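Pasting protein21.txt here (compact mmCIF, C-alpha atoms):
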# COMPACT_ATOMS: atom_id res chain seq x y z
CA MET A 135 145.36 264.57 108.66
CA SER A 136 146.02 265.49 105.04
CA ASN A 137 146.64 262.65 102.61
CA ASN A 138 149.54 264.70 101.27
CA GLN A 139 151.41 264.06 104.50
CA ILE A 140 151.19 260.29 104.08
CA ASP A 141 154.16 258.69 102.34
CA ARG A 142 152.45 255.52 101.13
CA LYS A 143 155.61 253.90 99.82
CA ARG A 144 157.55 254.53 103.06
CA LEU A 145 154.71 253.12 105.17
CA TYR A 146 154.56 250.06 102.96
CA TYR A 147 158.29 249.57 103.62
CA VAL A 148 157.57 249.92 107.34
CA GLY A 149 154.91 247.23 107.05
CA ASN A 150 157.24 244.96 105.09
CA LEU A 151 160.01 245.37 107.68
CA SER A 152 157.63 244.66 110.54
CA ILE A 153 156.43 241.44 108.90
CA PHE A 154 160.05 240.54 108.05
CA MET A 155 160.93 240.93 111.74
CA ILE A 156 158.23 238.55 112.93
CA GLY A 157 159.23 236.01 110.26
CA LEU A 158 162.79 236.30 111.51
CA GLY A 159 161.52 235.61 115.02
CA PHE A 160 159.64 232.53 113.80
CA ALA A 161 162.85 231.12 112.29
CA VAL A 162 164.89 231.90 115.40
CA ARG A 163 162.38 230.01 117.58
CA ALA A 164 162.53 227.05 115.18
CA ASN A 165 166.35 227.23 115.23
CA ILE A 166 166.63 227.16 119.01
CA ALA A 167 163.85 224.61 119.69
CA PRO A 168 166.26 221.63 119.73
CA ASN A 169 168.67 223.59 121.95
CA LEU A 170 165.94 224.52 124.42
CA GLN A 171 164.84 220.89 124.50
CA GLY A 172 168.33 219.43 124.87
CA GLU A 173 169.85 221.95 127.28
CA ILE A 174 166.86 222.92 129.40
CA TYR A 175 163.76 220.72 129.11
CA ASP A 176 165.50 217.33 128.82
CA LYS A 177 167.21 218.13 132.12
CA ILE A 178 163.91 219.07 133.74
CA ASP A 179 161.75 216.17 132.44
CA LEU A 180 163.20 213.89 129.74
CA ALA A 181 159.97 211.95 129.14
CA ASN A 182 157.89 215.09 128.52
CA SER A 183 160.47 217.48 127.11
CA ALA A 184 158.87 217.68 123.64
CA ALA A 185 155.53 218.66 125.14
CA MET A 186 157.31 221.29 127.25
CA VAL A 187 158.95 222.75 124.13
CA GLY A 188 155.55 222.79 122.46
CA GLU A 189 154.09 224.61 125.45
CA ALA A 190 156.94 227.14 125.44
CA HIS A 191 156.52 227.90 121.76
CA GLY A 192 152.76 227.83 122.16
CA ILE A 193 152.85 230.67 124.67
CA THR A 194 154.33 232.85 121.92
CA PHE A 195 151.11 232.34 120.01
CA THR A 196 149.10 233.10 123.15
CA GLY A 197 150.81 236.50 123.40
CA PHE A 198 150.27 237.00 119.69
CA ALA A 199 146.57 236.14 119.97
CA LEU A 200 145.93 238.31 123.03
CA THR A 201 147.61 241.35 121.51
CA LEU A 202 145.53 240.93 118.38
CA LEU A 203 142.33 240.52 120.37
CA PHE A 204 142.81 243.68 122.41
CA GLY A 205 145.30 245.59 120.25
CA SER A 206 143.08 245.50 117.18
CA ALA A 207 140.27 247.07 119.18
CA LEU A 208 142.63 249.75 120.49
CA VAL A 209 144.71 250.50 117.40
CA ASP A 210 142.23 253.19 116.31
CA ARG A 211 142.74 254.94 119.65
CA VAL A 212 146.42 254.41 120.46
CA GLY A 213 147.51 254.67 116.83
CA MET A 214 149.51 252.46 114.50
CA LYS A 215 152.74 254.21 115.49
CA ARG A 216 152.53 253.29 119.18
CA MET A 217 151.45 249.75 118.33
CA LEU A 218 154.47 249.18 116.10
CA LEU A 219 156.83 250.71 118.66
CA LEU A 220 155.39 248.25 121.20
CA SER A 221 156.19 245.39 118.84
CA ALA A 222 159.83 246.41 118.54
CA LEU A 223 160.11 246.67 122.33
CA GLY A 224 158.64 243.19 122.78
CA TYR A 225 161.22 241.64 120.47
CA VAL A 226 164.15 243.44 122.08
CA VAL A 227 163.21 242.57 125.67
CA GLY A 228 162.13 239.03 124.78
CA SER A 229 165.40 238.28 123.00
CA LEU A 230 167.45 239.61 125.90
CA GLY A 231 165.36 237.55 128.33
CA LEU A 232 166.05 234.32 126.43
CA LEU A 233 169.74 235.17 126.38
CA ALA A 234 169.70 235.68 130.15
CA ALA A 235 167.94 232.33 130.67
CA THR A 236 170.74 230.46 128.89
CA MET A 237 173.25 231.84 131.41
CA MET A 238 171.39 230.57 134.49
CA PRO A 239 171.42 227.13 136.17
CA VAL A 240 168.61 224.93 134.85
CA GLY A 241 165.58 225.01 137.13
CA PRO A 242 162.08 226.44 137.60
CA ALA A 243 163.35 230.02 137.36
CA VAL A 244 164.88 229.39 133.94
CA GLU A 245 161.67 227.75 132.75
CA THR A 246 159.70 230.81 133.85
CA ILE A 247 162.10 233.24 132.18
CA VAL A 248 161.90 231.31 128.90
CA LEU A 249 158.10 231.37 129.01
CA VAL A 250 157.94 235.10 129.80
CA SER A 251 160.49 235.93 127.10
CA LEU A 252 158.62 233.97 124.46
CA LEU A 253 155.38 235.59 125.62
CA LEU A 254 156.94 239.04 125.06
CA THR A 255 157.99 238.15 121.52
CA GLY A 256 154.45 236.90 120.96
CA LEU A 257 153.05 240.23 122.18
CA GLY A 258 155.37 242.01 119.75
CA TRP A 259 154.26 239.73 116.93
CA GLY A 260 150.60 240.46 117.65
CA ALA A 261 151.25 244.20 117.75
CA VAL A 262 152.73 244.01 114.25
CA GLU A 263 149.67 242.22 112.87
CA ALA A 264 147.28 244.54 114.74
CA ALA A 265 148.82 247.60 113.10
CA SER A 266 150.27 246.51 109.73
CA ASN A 267 147.24 244.68 108.33
CA PRO A 268 144.74 247.55 108.74
CA MET A 269 147.44 250.00 107.65
CA VAL A 270 147.88 248.25 104.30
CA ALA A 271 144.11 247.84 103.91
CA ALA A 272 143.78 251.61 104.39
CA LEU A 273 146.66 252.44 102.04
CA TYR A 274 145.46 250.13 99.23
CA PRO A 275 141.68 249.65 99.55
CA GLU A 276 141.38 248.84 95.85
CA GLU A 277 143.69 245.77 95.88
CA LYS A 278 143.64 244.30 99.37
CA THR A 279 144.22 240.63 98.54
CA HIS A 280 147.19 241.39 96.32
CA ARG A 281 148.80 243.91 98.68
CA LEU A 282 148.23 241.85 101.84
CA ASN A 283 149.80 238.82 100.17
CA ILE A 284 152.84 240.86 99.15
CA LEU A 285 153.04 242.32 102.67
CA HIS A 286 153.00 238.82 104.13
CA ALA A 287 155.57 237.65 101.59
CA TRP A 288 158.07 239.31 103.93
CA TRP A 289 157.13 236.80 106.63
CA PRO A 290 158.75 233.89 104.73
CA ALA A 291 161.57 236.24 103.69
CA GLY A 292 162.34 236.69 107.38
CA ILE A 293 162.21 232.93 107.87
CA VAL A 294 164.69 232.42 105.03
CA VAL A 295 167.17 234.91 106.44
CA GLY A 296 166.73 233.74 110.04
CA GLY A 297 166.90 230.08 109.07
CA LEU A 298 170.06 230.46 107.01
CA LEU A 299 171.72 232.52 109.73
CA GLY A 300 170.82 229.80 112.23
CA VAL A 301 172.35 227.11 110.02
CA ALA A 302 175.48 229.23 109.54
CA ILE A 303 175.78 229.82 113.28
CA GLY A 304 175.66 226.08 113.88
CA ALA A 305 178.00 225.23 111.00
CA VAL A 306 180.84 227.46 112.15
CA GLY A 307 180.49 226.42 115.78
CA ILE A 308 179.28 229.75 117.13
CA PRO A 309 177.20 229.37 120.33
CA TRP A 310 173.52 228.91 119.46
CA GLU A 311 172.64 231.75 121.82
CA ILE A 312 173.82 234.19 119.12
CA ASN A 313 170.48 233.52 117.40
CA MET A 314 168.89 235.86 119.92
CA PHE A 315 170.93 238.79 118.62
CA VAL A 316 169.56 238.24 115.09
CA LEU A 317 166.29 239.91 116.10
CA LEU A 318 167.76 243.02 117.68
CA ILE A 319 168.94 244.86 114.54
CA PRO A 320 165.64 244.80 112.57
CA ALA A 321 163.73 245.63 115.77
CA LEU A 322 165.84 248.74 116.31
CA VAL A 323 165.61 249.78 112.63
CA LEU A 324 161.84 249.32 112.76
CA ALA A 325 161.61 251.50 115.88
CA TRP A 326 163.51 254.29 114.12
CA MET A 327 161.43 254.12 110.91
CA VAL A 328 158.16 254.08 112.86
CA ALA A 329 159.18 256.98 115.08
CA THR A 330 159.97 259.14 112.03
CA SER A 331 156.84 258.32 109.97
CA ILE A 332 153.29 259.72 109.79
CA PHE A 333 150.53 257.10 109.78
CA PRO A 334 147.01 257.18 108.30
CA GLU A 335 143.73 256.50 110.02
CA THR A 336 142.18 253.09 109.58
CA GLU A 337 139.42 252.64 106.97
CA ARG A 338 136.76 252.49 109.67
CA VAL A 339 137.82 255.73 111.34
CA ALA A 340 138.29 257.53 108.01
CA ALA A 341 134.74 256.52 106.99
CA GLY A 342 133.27 257.69 110.31
CA VAL A 343 132.07 254.22 111.32
CA GLY A 344 131.70 254.05 115.11
CA TYR A 345 132.62 251.16 117.42
CA GLY A 346 128.95 250.29 117.86
CA GLU A 347 128.39 250.02 114.11
CA MET A 348 131.56 247.96 113.75
CA LEU A 349 130.47 245.45 116.38
CA VAL A 350 126.96 245.22 114.93
CA GLU A 351 128.50 244.52 111.52
CA LEU A 352 130.30 241.49 112.95
CA VAL A 353 127.50 240.19 115.16
CA LYS A 354 124.83 240.27 112.46
CA ARG A 355 126.95 238.55 109.78
CA PRO A 356 127.10 234.78 110.48
CA LEU A 357 129.47 234.23 107.56
CA PHE A 358 132.16 236.21 109.41
CA TRP A 359 132.08 233.67 112.24
CA VAL A 360 132.31 230.84 109.73
CA PHE A 361 135.55 232.35 108.43
CA TRP A 362 136.67 232.94 112.03
CA CYS A 363 136.31 229.23 112.78
CA CYS A 364 138.09 228.35 109.54
CA MET A 365 141.05 230.48 110.64
CA PHE A 366 141.70 228.09 113.52
CA LEU A 367 142.36 225.30 111.04
CA THR A 368 144.16 227.21 108.28
CA ALA A 369 146.63 228.66 110.81
CA ALA A 370 147.24 225.23 112.34
CA ALA A 371 148.03 223.80 108.90
CA GLU A 372 150.62 226.50 108.20
CA LEU A 373 152.23 227.58 111.44
CA ALA A 374 152.29 224.53 113.72
CA PRO A 375 154.26 222.28 111.33
CA GLY A 376 156.60 225.17 110.54
CA GLN A 377 157.43 225.71 114.21
CA TRP A 378 157.84 221.95 114.74
CA VAL A 379 159.85 221.19 111.62
CA ASN A 380 163.36 221.41 113.10
CA ILE A 381 162.53 218.94 115.87
CA ALA A 382 160.54 216.45 113.81
CA LEU A 383 161.83 216.42 110.25
CA SER A 384 165.49 216.48 111.28
CA ASN A 385 164.86 213.03 112.72
CA ILE A 386 162.93 211.70 109.73
CA VAL A 387 165.09 212.63 106.75
CA GLY A 388 168.55 212.92 108.27
CA MET A 389 169.06 216.61 107.55
CA GLN A 390 168.45 219.85 109.38
CA GLY A 391 164.70 220.43 109.24
CA ILE A 392 165.24 224.18 109.29
CA LEU A 393 166.61 223.90 105.73
CA LEU A 394 163.23 222.61 104.59
CA LEU A 395 161.55 225.52 106.32
CA VAL A 396 163.93 227.92 104.56
CA TYR A 397 163.16 226.31 101.20
CA VAL A 398 159.39 226.44 101.74
CA SER A 399 159.63 230.05 102.91
CA ALA A 400 161.58 231.08 99.80
CA LEU A 401 158.88 229.42 97.71
CA MET A 402 156.19 231.30 99.62
CA PHE A 403 158.00 234.62 99.23
CA VAL A 404 157.94 234.29 95.45
CA MET A 405 154.41 232.88 95.15
CA ARG A 406 152.73 235.50 97.32
CA HIS A 407 153.70 238.16 94.82
CA PHE A 408 151.38 236.47 92.29
CA ALA A 409 148.28 236.25 94.49
CA GLY A 410 146.52 239.04 92.57
CA PRO A 411 146.49 237.34 89.14
CA ILE A 412 145.45 234.00 90.70
CA VAL A 413 142.56 235.59 92.60
CA ASN A 414 141.43 237.34 89.42
CA ARG A 415 141.03 233.91 87.82
CA ILE A 416 139.57 231.71 90.58
CA SER A 417 138.58 234.18 93.38
CA SER A 418 139.86 234.34 96.96
CA ILE A 419 137.61 231.50 98.11
CA GLY A 420 138.70 229.33 95.19
CA LEU A 421 142.31 229.98 96.16
CA MET A 422 141.55 228.83 99.73
CA PHE A 423 139.96 225.59 98.48
CA VAL A 424 142.93 224.70 96.28
CA SER A 425 145.40 225.72 98.99
CA CYS A 426 143.80 223.54 101.69
CA LEU A 427 143.81 220.53 99.38
CA ALA A 428 147.52 220.94 98.61
CA ALA A 429 148.36 221.62 102.26
CA GLY A 430 146.74 218.40 103.47
CA ILE A 431 148.43 216.30 100.80
CA GLY A 432 151.78 217.96 101.46
CA LEU A 433 151.66 217.42 105.22
CA TYR A 434 150.90 213.73 104.80
CA LEU A 435 153.70 213.32 102.26
CA LEU A 436 156.10 215.08 104.63
CA SER A 437 155.41 212.47 107.29
CA LEU A 438 156.28 209.70 104.81
CA ALA A 439 159.45 211.26 103.40
CA ASP A 440 162.57 209.30 104.38
CA SER A 441 165.21 211.10 102.34
CA PRO A 442 166.15 214.73 101.68
CA LEU A 443 164.94 214.50 98.05
CA LEU A 444 161.49 213.20 99.01
CA ALA A 445 161.30 215.71 101.84
CA PHE A 446 161.92 218.61 99.46
CA ALA A 447 159.32 217.27 97.03
CA ALA A 448 156.72 216.92 99.81
CA ALA A 449 157.66 220.32 101.23
CA THR A 450 157.02 221.86 97.80
CA VAL A 451 153.44 220.58 97.82
CA TRP A 452 152.91 221.72 101.43
CA GLY A 453 154.48 225.12 100.76
CA MET A 454 152.33 225.75 97.69
CA GLY A 455 149.31 224.82 99.82
CA VAL A 456 149.95 226.97 102.87
CA CYS A 457 151.45 229.87 100.93
CA TYR A 458 148.28 231.94 100.63
CA LEU A 459 146.30 230.79 103.68
CA TRP A 460 146.96 233.51 106.26
CA PRO A 461 146.97 236.70 104.12
CA THR A 462 144.07 235.54 101.96
CA MET A 463 141.90 234.81 105.00
CA LEU A 464 142.59 238.36 106.22
CA ALA A 465 141.81 239.78 102.78
CA ILE A 466 138.55 237.83 102.49
CA VAL A 467 137.32 239.29 105.77
CA SER A 468 138.45 242.81 104.90
CA GLU A 469 136.75 242.61 101.48
CA ARG A 470 133.48 241.10 102.68
CA PHE A 471 133.15 242.91 106.02
CA PRO A 472 134.99 246.26 105.61
CA ARG A 473 132.92 247.93 108.36
CA GLY A 474 134.33 245.37 110.79
CA GLY A 475 137.56 247.38 110.65
CA ALA A 476 140.74 246.41 112.44
CA VAL A 477 138.74 244.39 114.97
CA ALA A 478 137.56 241.95 112.30
CA MET A 479 141.13 241.38 111.13
CA GLY A 480 142.33 241.19 114.71
CA LEU A 481 139.76 238.55 115.60
CA MET A 482 140.98 236.47 112.68
CA GLY A 483 144.56 236.73 113.90
CA PHE A 484 143.42 235.89 117.43
CA ALA A 485 141.82 232.69 116.12
CA GLY A 486 145.02 231.77 114.31
CA GLY A 487 147.21 232.42 117.34
CA MET A 488 145.02 230.49 119.77
CA SER A 489 144.89 227.59 117.33
CA ILE A 490 148.67 227.16 117.57
CA GLN A 491 148.56 227.47 121.35
CA PHE A 492 146.48 224.27 121.36
CA VAL A 493 148.04 222.47 118.40
CA LEU A 494 151.76 222.77 119.26
CA PRO A 495 151.48 221.20 122.74
CA ARG A 496 149.23 218.54 121.20
CA MET A 497 151.90 217.74 118.61
CA GLY A 498 154.43 217.56 121.43
CA ALA A 499 152.19 215.23 123.46
CA ILE A 500 151.69 212.96 120.44
CA PHE A 501 155.46 212.98 119.91
CA ASP A 502 156.11 212.03 123.56
CA SER A 503 153.41 209.34 123.57
CA ALA A 504 154.71 207.76 120.37
CA LYS A 505 158.26 207.98 121.69
CA ALA A 506 157.30 206.13 124.89
CA GLU A 507 155.31 203.55 122.92
CA ALA A 508 158.23 202.80 120.61
CA ALA A 509 160.62 202.52 123.57
CA GLY A 510 158.38 200.08 125.43
CA GLY A 511 157.42 202.59 128.11
CA ALA A 512 158.50 206.03 129.29
CA GLY A 513 160.76 204.51 131.91
CA GLN A 514 162.87 202.84 129.22
CA LEU A 515 163.84 206.06 127.46
CA ALA A 516 166.81 206.91 129.66
CA SER A 517 168.37 203.46 129.12
CA LEU A 518 168.18 203.41 125.31
CA SER A 519 171.34 203.41 123.24
CA PRO A 520 171.86 206.40 120.91
CA GLU A 521 170.97 204.22 117.91
CA ALA A 522 167.77 202.96 119.53
CA MET A 523 166.81 206.48 120.63
CA GLU A 524 167.26 207.70 117.06
CA GLU A 525 164.77 205.10 115.80
CA VAL A 526 162.31 205.92 118.59
CA VAL A 527 162.45 209.64 117.82
CA ARG A 528 162.03 209.00 114.09
CA TYR A 529 158.87 206.99 114.76
CA ALA A 530 157.51 209.74 117.01
CA SER A 531 158.28 212.40 114.41
CA VAL A 532 156.19 210.65 111.76
CA ALA A 533 153.27 210.29 114.17
CA SER A 534 153.30 213.97 115.15
CA PHE A 535 153.24 215.17 111.52
CA GLN A 536 150.52 212.79 110.41
CA SER A 537 148.32 214.09 113.23
CA VAL A 538 147.97 217.51 111.56
CA ALA A 539 147.69 216.36 107.93
CA VAL A 540 143.91 216.00 108.18
CA ILE A 541 143.34 219.55 109.47
CA PRO A 542 143.24 221.50 106.16
CA LEU A 543 141.18 218.77 104.49
CA LEU A 544 138.36 219.44 106.96
CA LEU A 545 137.88 222.86 105.34
CA LEU A 546 137.32 221.64 101.80
CA PRO A 547 133.52 221.28 102.15
CA VAL A 548 133.23 224.74 103.73
CA PHE A 549 135.22 226.62 101.10
CA GLY A 550 133.74 224.45 98.35
CA VAL A 551 130.16 225.41 99.26
CA ILE A 552 130.97 229.14 99.51
CA TRP A 553 132.90 229.04 96.22
CA LEU A 554 129.99 227.33 94.46
CA TYR A 555 127.51 229.84 95.90
CA ASP A 556 129.64 232.79 94.77
CA MET A 557 129.91 231.39 91.24
CA ARG A 558 126.15 230.94 91.03
CA GLN A 559 125.76 234.58 92.05
CA GLY A 560 128.04 235.68 89.24
CA GLY A 561 131.17 235.88 91.37
CA HIS A 562 132.00 237.82 94.51
CA ARG A 563 133.13 241.45 94.29
CA ALA A 564 135.02 243.15 97.11
CA GLN A 565 132.83 245.63 98.98
CA ALA A 566 133.78 249.23 99.66
CA ILE A 567 133.06 250.41 103.17
CA GLY A 568 130.26 252.68 101.92
CA GLU A 569 128.56 249.83 100.06
CA ALA A 570 128.67 247.65 103.17
CA ALA A 571 126.60 250.17 105.06
CA GLY A 572 123.54 249.17 103.11
CA ASN A 573 123.81 245.43 103.82

Serialized structure, structure tokens:
Amino acid sequence: MSNNQIDRKRLYYVGNLSIFMIGLGFAVRANIAPNLQGEIYDKIDLANSAAMVGEAHGITFTGFALTLLFGSALVDRVGMKRMLLLSALGYVVGSLGLLAATMMPVGPAVETIVLVSLLLTGLGWGAVEAASNPMVAALYPEEKTHRLNILHAWWPAGIVVGGLLGVAIGAVGIPWEINMFVLLIPALVLAWMVATSIFPETERVAAGVGYGEMLVELVKRPLFWVFWCCMFLTAAAELAPGQWVNIALSNIVGMQGILLLVYVSALMFVMRHFAGPIVNRISSIGLMFVSCLAAGIGLYLLSLADSPLLAFAAATVWGMGVCYLWPTMLAIVSERFPRGGAVAMGLMGFAGGMSIQFVLPRMGAIFDSAKAEAAGGAGQLASLSPEAMEEVVRYASVASFQSVAVIPLLLLPVFGVIWLYDMRQGGHRAQAIGEAAGN
């Protein structure tokens, strides 16, 4: 395919819209989490409803992780266009499935439909990451960290729009189910833009690197697997609290937690546009070290906040910490292991998705356990007065947030050692795919 046929600016807009759509979906799921708990899971099992919500949202990340695991290996064959069309389909069908579930009597069938619908949105989310990340890496090989951070700035932009729409829907008394329609318009626009665009080959295919060479590149490089393990923890520090914020922080600070998520997302949208200059000063690994430190401090402060003002202050620290985690981890892998291709980036996303699948239910279980402990036993929950239940839930919310505050701090020694090693070697320089062949 001739490079003259590729409209780089249009494809970058396609990538931005696709990331915006999945951010919108993230906000919608956070918006409806209390509604799913109150109107479905409380009626099924009051004592374990928080864990059930965590499991439901966790399955979204399972779909996300599985699509990345297999979709990233197939994107070179099926093409970026088909992968992005699949993502739009997943969001449309998943949203309609959730809407149908709200119209049915509460029972096992409804629980199944909710799980399947959230799984479909997760599959659509993974398809976006499987296609958009390698697409941008191929379009801008000379500035991957900067461009991937700007691309992923549209994730928090989607959260801002989706979060504010959710708050507006609740404020004017519109049924919460309208949130599901929020995803349909961008999904349909994305499908049209993708269908009418021409896409490039990935870096690996354009360079003539075969699947065998790509797999050998990953197997023989232990440092890749170090970063892969780190992705489990960086994703947990960013995504799990964000998906849990409307349930937990609403009970701690006396305001809608989704507003904090909107604020943090707006902060992230702005800051990700400045990743390039920061990386030029302290390197990608240095940025990860500083980010993990701020993320851990911010999460702990969030659990202690007992007023909207303190919550916003703590959320600022957390937001500045988690801002660069996901896109910079992808950029680090693409820069250091370019012959790993889309599979390397997909494996990183798979690690991040599976991390949330484990962490969200765990946060829910900690929430339920603390709730039962504060009530004097699970059997006492149903008999509590509204005032007593409010105190019990507030106690459980603090416990669930403090449980994840330590996660990013565990990475400080890892990133610190790599950062120090790079500095002693004169600093790390991003590798071109041809240079990597000689390593």

Practice task
May I have the residues within 6 Å of segment 256-258 of chain A as JSON, numbers by chain, using all atoms listed in the file and disregarding those fewer than 4 positions away in the same chain?
Solution key: {"A": [194, 195, 197, 198, 201, 221, 224, 225]}

Exercise for the section: Could you please determine the separation between atom CA of Phe535 of chain A and atom CA of Gly453 of chain A in Å, to one decimal place? Expected result: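 So the two atoms, atom CA of Phe535 of chain A and atom CA of Gly453 of chain A, lie 14.7 Å apart.
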
Could you build a table of the residues in segment 200-296 of chain A lying no more than 7 Å from segment 468-491 of chain A, giving for each the nearest pair of atoms and their separation in Å rounded to one decimal place, using all atoms listed in the file, ordered by chain and ascending residue number, as JSON lines?
{"residue": "A:Leu200", "atom": "CA", "partner": "A:Phe484", "partner_atom": "CA", "distance": 6.6}
{"residue": "A:Leu202", "atom": "CA", "partner": "A:Gly480", "partner_atom": "CA", "distance": 4.9}
{"residue": "A:Leu203", "atom": "CA", "partner": "A:Phe484", "partner_atom": "CA", "distance": 5.6}
{"residue": "A:Ser206", "atom": "CA", "partner": "A:Val477", "partner_atom": "CA", "distance": 5.0}
{"residue": "A:Ala207", "atom": "CA", "partner": "A:Val477", "partner_atom": "CA", "distance": 5.2}
{"residue": "A:Ala264", "atom": "CA", "partner": "A:Gly480", "partner_atom": "CA", "distance": 6.0}
{"residue": "A:Pro268", "atom": "CA", "partner": "A:Ala476", "partner_atom": "CA", "distance": 5.6}

For the residues selected in the previous step, produce a file with C-alpha atoms as a PDB file, keeping the file's coordinate frame.
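Result file selection.pdb:
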ATOM      1  CA  LEU A 200     145.930 238.310 123.030  1.00  0.00           C
ATOM      2  CA  LEU A 202     145.530 240.930 118.380  1.00  0.00           C
ATOM      3  CA  LEU A 203     142.330 240.520 120.370  1.00  0.00           C
ATOM      4  CA  SER A 206     143.080 245.500 117.180  1.00  0.00           C
ATOM      5  CA  ALA A 207     140.270 247.070 119.180  1.00  0.00           C
ATOM      6  CA  ALA A 264     147.280 244.540 114.740  1.00  0.00           C
ATOM      7  CA  PRO A 268     144.740 247.550 108.740  1.00  0.00           C
TER       8      PRO A 268
END

Near segment 167-179 of chain A, 12 Å: segment 269-328 of chain A residue rows, closest pairs, all atoms listed in the file, as a Markdown table:
| residue | atom | partner | partner_atom | distance |
| --- | --- | --- | --- | --- |
| A:Gly300 | CA | A:Ala167 | CA | 11.5 |
| A:Gly304 | CA | A:Asn169 | CA | 11.0 |
| A:Pro309 | CA | A:Asn169 | CA | 10.4 |
| A:Trp310 | CA | A:Asn169 | CA | 7.6 |
| A:Glu311 | CA | A:Asn169 | CA | 9.1 |
| A:Asn313 | CA | A:Asn169 | CA | 11.1 |

Practice task
For atom CA of Gly410 of chain A and atom CA of Val295 of chain A, determine how far apart the two atoms are, in Å to one decimal place.
Solution key: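 Computed distance, atom CA of Gly410 of chain A to atom CA of Val295 of chain A, equals 25.2 Å.
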
Handout entry: Protein/DNA/RNA residues near (164.0, 241.8, 108.7), cut 7 Å, all atoms listed in the file, as a PyMOL selection string
Key = chain A and resi 151+154-155+158+292+320

Handout entry: Who sits within 8 Å of His286 of chain A, all atoms listed in the file, same chain under 3 positions skipped, as a list in words
Key =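 Close residues of His286 of chain A: Asn150, Ile153, Leu282, Asn283, Trp289, Pro290, Arg406 and Pro461 of chain A.
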
Practice task
Report the distance between atom CA of Phe160 of chain A and atom CA of Gly296 of chain A in Å, rounded to one decimal place.
Solution key: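 Separating atom CA of Phe160 of chain A from atom CA of Gly296 of chain A is a distance of 8.1 Å.
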
Exercise for the section: Find, counting all atoms listed in the file, the residue in A:Leu318, A:Leu249, A:Leu298, A:Val148 that gets nearest to Met269 of chain A. Expected result: A:Val148

Handout entry: Residues within 7 Å of Val396 of chain A, all atoms listed in the file, excluding chain neighbours under 6 positions, as number ranges by chain
Key = A: 293-294, 297

Exercise for the section: Kindly indicate which residue among A:Leu232, A:Ile466, A:Leu394, A:Ala409 lies nearest to Trp362 of chain A, using all atoms listed in the file for the distances. Expected result: A:Ile466

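When only C-alpha atoms are used to compute distances to Lys505 of chain A, the closest of the residues A:Val398, A:Phe492, A:Gly550, A:Glu524 turns out to be A:Glu524.
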
Handout entry: 10 Å contact set for Leu427 of chain A, only C-alpha atoms, chain neighbours under 4 positions out, as a list of chain:residue names
Key =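 The filter keeps A:Met422, A:Phe423, A:Ile431, A:Gly432, A:Val451, A:Trp452, A:Gly455, A:Val456, A:Val540, A:Pro542, A:Leu543, A:Leu544, A:Leu545, A:Leu546.
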
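Residue nearest Gly188 of chain A within the list A:Ala261, A:Leu233, A:Met497, A:Ala512: A:Met497 [criterion: smallest interatomic distance, all atoms listed in the file].
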
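By all atoms listed in the file, and with residues fewer than 6 positions from Ser417 of chain A along its chain excluded, the set lying at most 9 Å from it is Trp553, Gly561 and His562 of chain A.
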
Exercise for the section: Counting only C-alpha atoms, figure out which residue out of A:Val306, A:Ala465, A:Ala329, A:Val227 gets nearest to Ala271 of chain A. Expected result: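 Selected residue with least distance to Ala271 of chain A: A:Ala465.
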
Problem - Best match for closeness to Ile416 of chain A among A:Leu252, A:Met557, A:Val162, A:Ala429, counting all atoms listed in the file - result: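 When distances to Ile416 of chain A are compared using all atoms listed in the file, the smallest one comes from A:Met557.
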
Practice task
Taking (151.6, 255.0, 102.1) in the file's own coordinates, collect the residues within 10 Å, counting only C-alpha atoms, and hand them back as a PyMOL selection string.
Solution key: chain A and resi 137-149+269-270+272-274+332-334
